[in-house]
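Colleague: Just dropping this structure here.
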Amino acid sequence: MPEKVMPGPVQDSACIREAVCIHTKKIFDSCRDKDCIEDLRFYPTQSSQCAIDRAVSIRAGQAELLYVYIDVEPIGFNRGFFTVDVRYFYRVTADAFVGAARPVQVCGLCVFDKRVILFGSEGSAKVFSSEAALGAMDEQNIMKTNLPTAVVEAVDPIVLNMKLVDVCECRPCCDCELSDIPPCICSCFGSDLCFGNEGKRVYVTLGQFSIIRLERDTQLLMPAYDYCMPEKECTCGGCEDDPCEIFRHVQFPVDEFFPPNGAVGGCSCGCGCERPERDCGHGDRPDRCPPSGGKCGRN
């Protein structure tokens, strides 16, 4: 009888029990982007706008990605392809310098729109499910089409630059006002946002990394080895142990009290040892070190 196969890489000689059909989402197309978004209009809160109007300069702070709105539409002239419209909502903070006083932190909203075209295959089936709808009296979910689903993975952007300008210095194309801001986005700032054209303005340059993909529900035939049964037993994690006894087994944090002599991540003698230089024993004897990348035997 073959050994039990665990999740992870398997050998060619592993015994496949059966072929099973599973329902999952298959990625049909994807892309990645590194966007440098220049001169995004910064829409501050009302209190922040008062500080910006009195500021003589501004210093870049941080940006947080609050929400991403995604819309998928088929392309009529190219079957199987879809446009994915993405709108990013950011909360950006900065320091406004008002005279010689300490800087005042300002906060506001930035919005970035982009569009990509991806392949999502074809399909026109109407999909029904017997799963109960949330908040209903045992009613099944409403009908939905099997259009592909767009997924956006993104990290918080990097603030590359911020600039403070007077109204007279703004380009006419910058005067567009935002509309259709979701209430959940506005509630993240604690006060009303200023979308008008009066007063000084701030423009932000952001660096955004993102991955966009189109997925579609499909059925795939997969090899199955066995049912996946956990091998690890459920434990309390030391909840009944003596906390002082647990603390006695904790290693003393030497590195927190004494700075390392060599570079972070290993000694500087070139032996490739991953231990600090004071524990390597080769710092004063370079002739004992193996070639770079080798092991000194004291790891």
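The chains in the structure tokens are called A, B, ... from first to last as shown; in each chain the residues are counted from 1, and the ligands are counted from 1 in the order shown.
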May I have the residues within 6 Å of segment 47-64 of chain A as a ChimeraX atom specification, using only C-alpha atoms and disregarding those fewer than 4 positions away in the same chain?

Modeller: /A:90-98,106,156,162,199-200

Colleague: For the residues selected in the previous step, produce a file with all heavy atoms as a short mmCIF file (atom, residue, chain, number, x, y, z; two decimals), in the first residue's frame.

Modeller:
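Final output, saved to selection_21.cif:
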data_model
loop_
_atom_site.label_atom_id
_atom_site.label_comp_id
_atom_site.auth_asym_id
_atom_site.auth_seq_id
_atom_site.Cartn_x
_atom_site.Cartn_y
_atom_site.Cartn_z
N TYR A 90 -7.63 56.90 -2.41
CA TYR A 90 -6.52 56.99 -1.47
C TYR A 90 -6.81 58.02 -0.38
O TYR A 90 -7.43 59.06 -0.64
CB TYR A 90 -5.22 57.42 -2.18
CG TYR A 90 -4.81 56.55 -3.34
CD1 TYR A 90 -4.99 56.98 -4.65
CD2 TYR A 90 -4.22 55.32 -3.12
CE1 TYR A 90 -4.59 56.20 -5.72
CE2 TYR A 90 -3.81 54.53 -4.19
CZ TYR A 90 -4.00 54.97 -5.48
OH TYR A 90 -3.61 54.19 -6.54
N ARG A 91 -6.33 57.72 0.82
CA ARG A 91 -6.26 58.71 1.89
C ARG A 91 -4.81 59.12 2.05
O ARG A 91 -3.95 58.30 2.38
CB ARG A 91 -6.81 58.16 3.21
CG ARG A 91 -6.69 59.15 4.37
CD ARG A 91 -7.46 58.70 5.59
NE ARG A 91 -7.08 57.35 6.00
CZ ARG A 91 -7.77 56.62 6.86
NH1 ARG A 91 -8.89 57.11 7.37
NH2 ARG A 91 -7.37 55.42 7.19
N VAL A 92 -4.53 60.38 1.81
CA VAL A 92 -3.16 60.89 1.80
C VAL A 92 -3.00 61.89 2.93
O VAL A 92 -3.87 62.74 3.16
CB VAL A 92 -2.83 61.56 0.44
CG1 VAL A 92 -1.39 62.07 0.43
CG2 VAL A 92 -3.05 60.58 -0.71
N THR A 93 -1.90 61.79 3.64
CA THR A 93 -1.57 62.73 4.71
C THR A 93 -0.28 63.46 4.35
O THR A 93 0.57 62.93 3.62
CB THR A 93 -1.40 62.02 6.06
OG1 THR A 93 -0.35 61.03 5.95
CG2 THR A 93 -2.70 61.33 6.47
N ALA A 94 -0.14 64.68 4.86
CA ALA A 94 1.05 65.49 4.60
C ALA A 94 1.22 66.48 5.75
O ALA A 94 0.34 66.63 6.61
CB ALA A 94 0.92 66.23 3.27
N ASP A 95 2.38 67.15 5.77
CA ASP A 95 2.68 68.18 6.77
C ASP A 95 2.72 69.53 6.08
O ASP A 95 3.51 69.74 5.15
CB ASP A 95 4.02 67.90 7.46
CG ASP A 95 3.97 66.66 8.34
OD1 ASP A 95 2.89 66.39 8.90
OD2 ASP A 95 4.99 65.96 8.46
N ALA A 96 1.86 70.43 6.53
CA ALA A 96 1.81 71.79 5.99
C ALA A 96 2.54 72.72 6.94
O ALA A 96 2.25 72.73 8.14
CB ALA A 96 0.37 72.24 5.79
N PHE A 97 3.49 73.49 6.42
CA PHE A 97 4.28 74.40 7.23
C PHE A 97 3.66 75.79 7.15
O PHE A 97 3.58 76.40 6.09
CB PHE A 97 5.73 74.43 6.75
CG PHE A 97 6.47 73.14 7.00
CD1 PHE A 97 6.41 72.10 6.07
CD2 PHE A 97 7.19 72.96 8.16
CE1 PHE A 97 7.08 70.92 6.31
CE2 PHE A 97 7.87 71.78 8.41
CZ PHE A 97 7.80 70.76 7.47
N VAL A 98 3.18 76.27 8.30
CA VAL A 98 2.54 77.58 8.41
C VAL A 98 3.50 78.50 9.16
O VAL A 98 3.59 78.45 10.39
CB VAL A 98 1.19 77.48 9.12
CG1 VAL A 98 0.53 78.85 9.19
CG2 VAL A 98 0.30 76.47 8.42
N VAL A 106 -2.18 67.53 7.52
CA VAL A 106 -3.39 67.67 6.70
C VAL A 106 -3.71 66.31 6.09
O VAL A 106 -2.83 65.46 5.89
CB VAL A 106 -3.20 68.73 5.60
CG1 VAL A 106 -3.02 70.10 6.21
CG2 VAL A 106 -2.02 68.38 4.69
N ASP A 156 -0.43 49.59 -0.71
CA ASP A 156 -0.46 51.03 -0.48
C ASP A 156 0.59 51.71 -1.34
O ASP A 156 1.73 51.23 -1.44
CB ASP A 156 -0.19 51.34 1.00
CG ASP A 156 -1.38 50.97 1.88
OD1 ASP A 156 -2.50 50.87 1.36
OD2 ASP A 156 -1.18 50.78 3.09
N MET A 162 4.94 65.91 -3.59
CA MET A 162 3.78 66.74 -3.32
C MET A 162 4.17 68.19 -3.58
O MET A 162 5.31 68.59 -3.29
CB MET A 162 3.28 66.60 -1.88
CG MET A 162 2.79 65.21 -1.52
SD MET A 162 2.00 65.13 0.11
CE MET A 162 0.42 65.90 -0.26
N GLY A 199 -9.03 78.76 -2.93
CA GLY A 199 -7.89 78.50 -2.07
C GLY A 199 -6.76 77.79 -2.78
O GLY A 199 -6.82 77.45 -3.97
N LYS A 200 -5.69 77.56 -2.02
CA LYS A 200 -4.53 76.85 -2.56
C LYS A 200 -4.85 75.38 -2.76
O LYS A 200 -5.74 74.83 -2.12
CB LYS A 200 -3.33 77.01 -1.62
CG LYS A 200 -2.80 78.43 -1.50
CD LYS A 200 -1.59 78.48 -0.59
CE LYS A 200 -1.03 79.89 -0.48
NZ LYS A 200 0.16 79.96 0.40
#

Colleague: List as a list of chain:residue names the protein and nucleic acid residues near Leu109 of chain A, meaning an atom at most 10 Å away when only C-alpha atoms are counted, but skip any in the same chain fewer than 5 places from it.

Modeller: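 Skipping anything fewer than 5 positions along the chain leaves A:Leu40, A:Arg41, A:Phe42, A:Tyr43, A:Pro44, A:Thr45, A:Ala63, A:Glu64, A:Leu66, A:Phe89, A:Tyr90, A:Arg91, A:Val92, A:Thr93, A:Ile185, A:Cys186, A:Cys188, A:Phe189, A:Leu193, A:Cys194, A:Phe195.
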
Colleague: When you draw a straight line from atom CA of Cys31 of chain A to atom CA of Val116 of chain A, how long is it in Å?

Modeller: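 The value is 8.7 Å.
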
Colleague: Excluding Arg79 of chain A and any residue of its chain fewer than 3 positions from it, enumerate the residues within 8 Å of it, using only C-alpha atoms, and give them as a list in words.

Modeller: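 The residues satisfying every condition are Pro74, Ile75, Gly76, Ser121 and Glu122 of chain A.
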
Colleague: For the strand (DSSP E) assignment from backbone DSSP, which residues of segment 21-192 of chain A qualify? Please present them as a PyMOL selection string.

Modeller: chain A and resi 21-44+57-74+81-97+104-119+126-127+144-145+149-154+158-165

Colleague: A:Tyr67, A:Cys110, A:Arg115, A:Lys163: which is nearest Pro183 of chain A, counting only C-alpha atoms?

Modeller: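 Residue with the minimum atom-to-atom distance to Pro183 of chain A: A:Tyr67.
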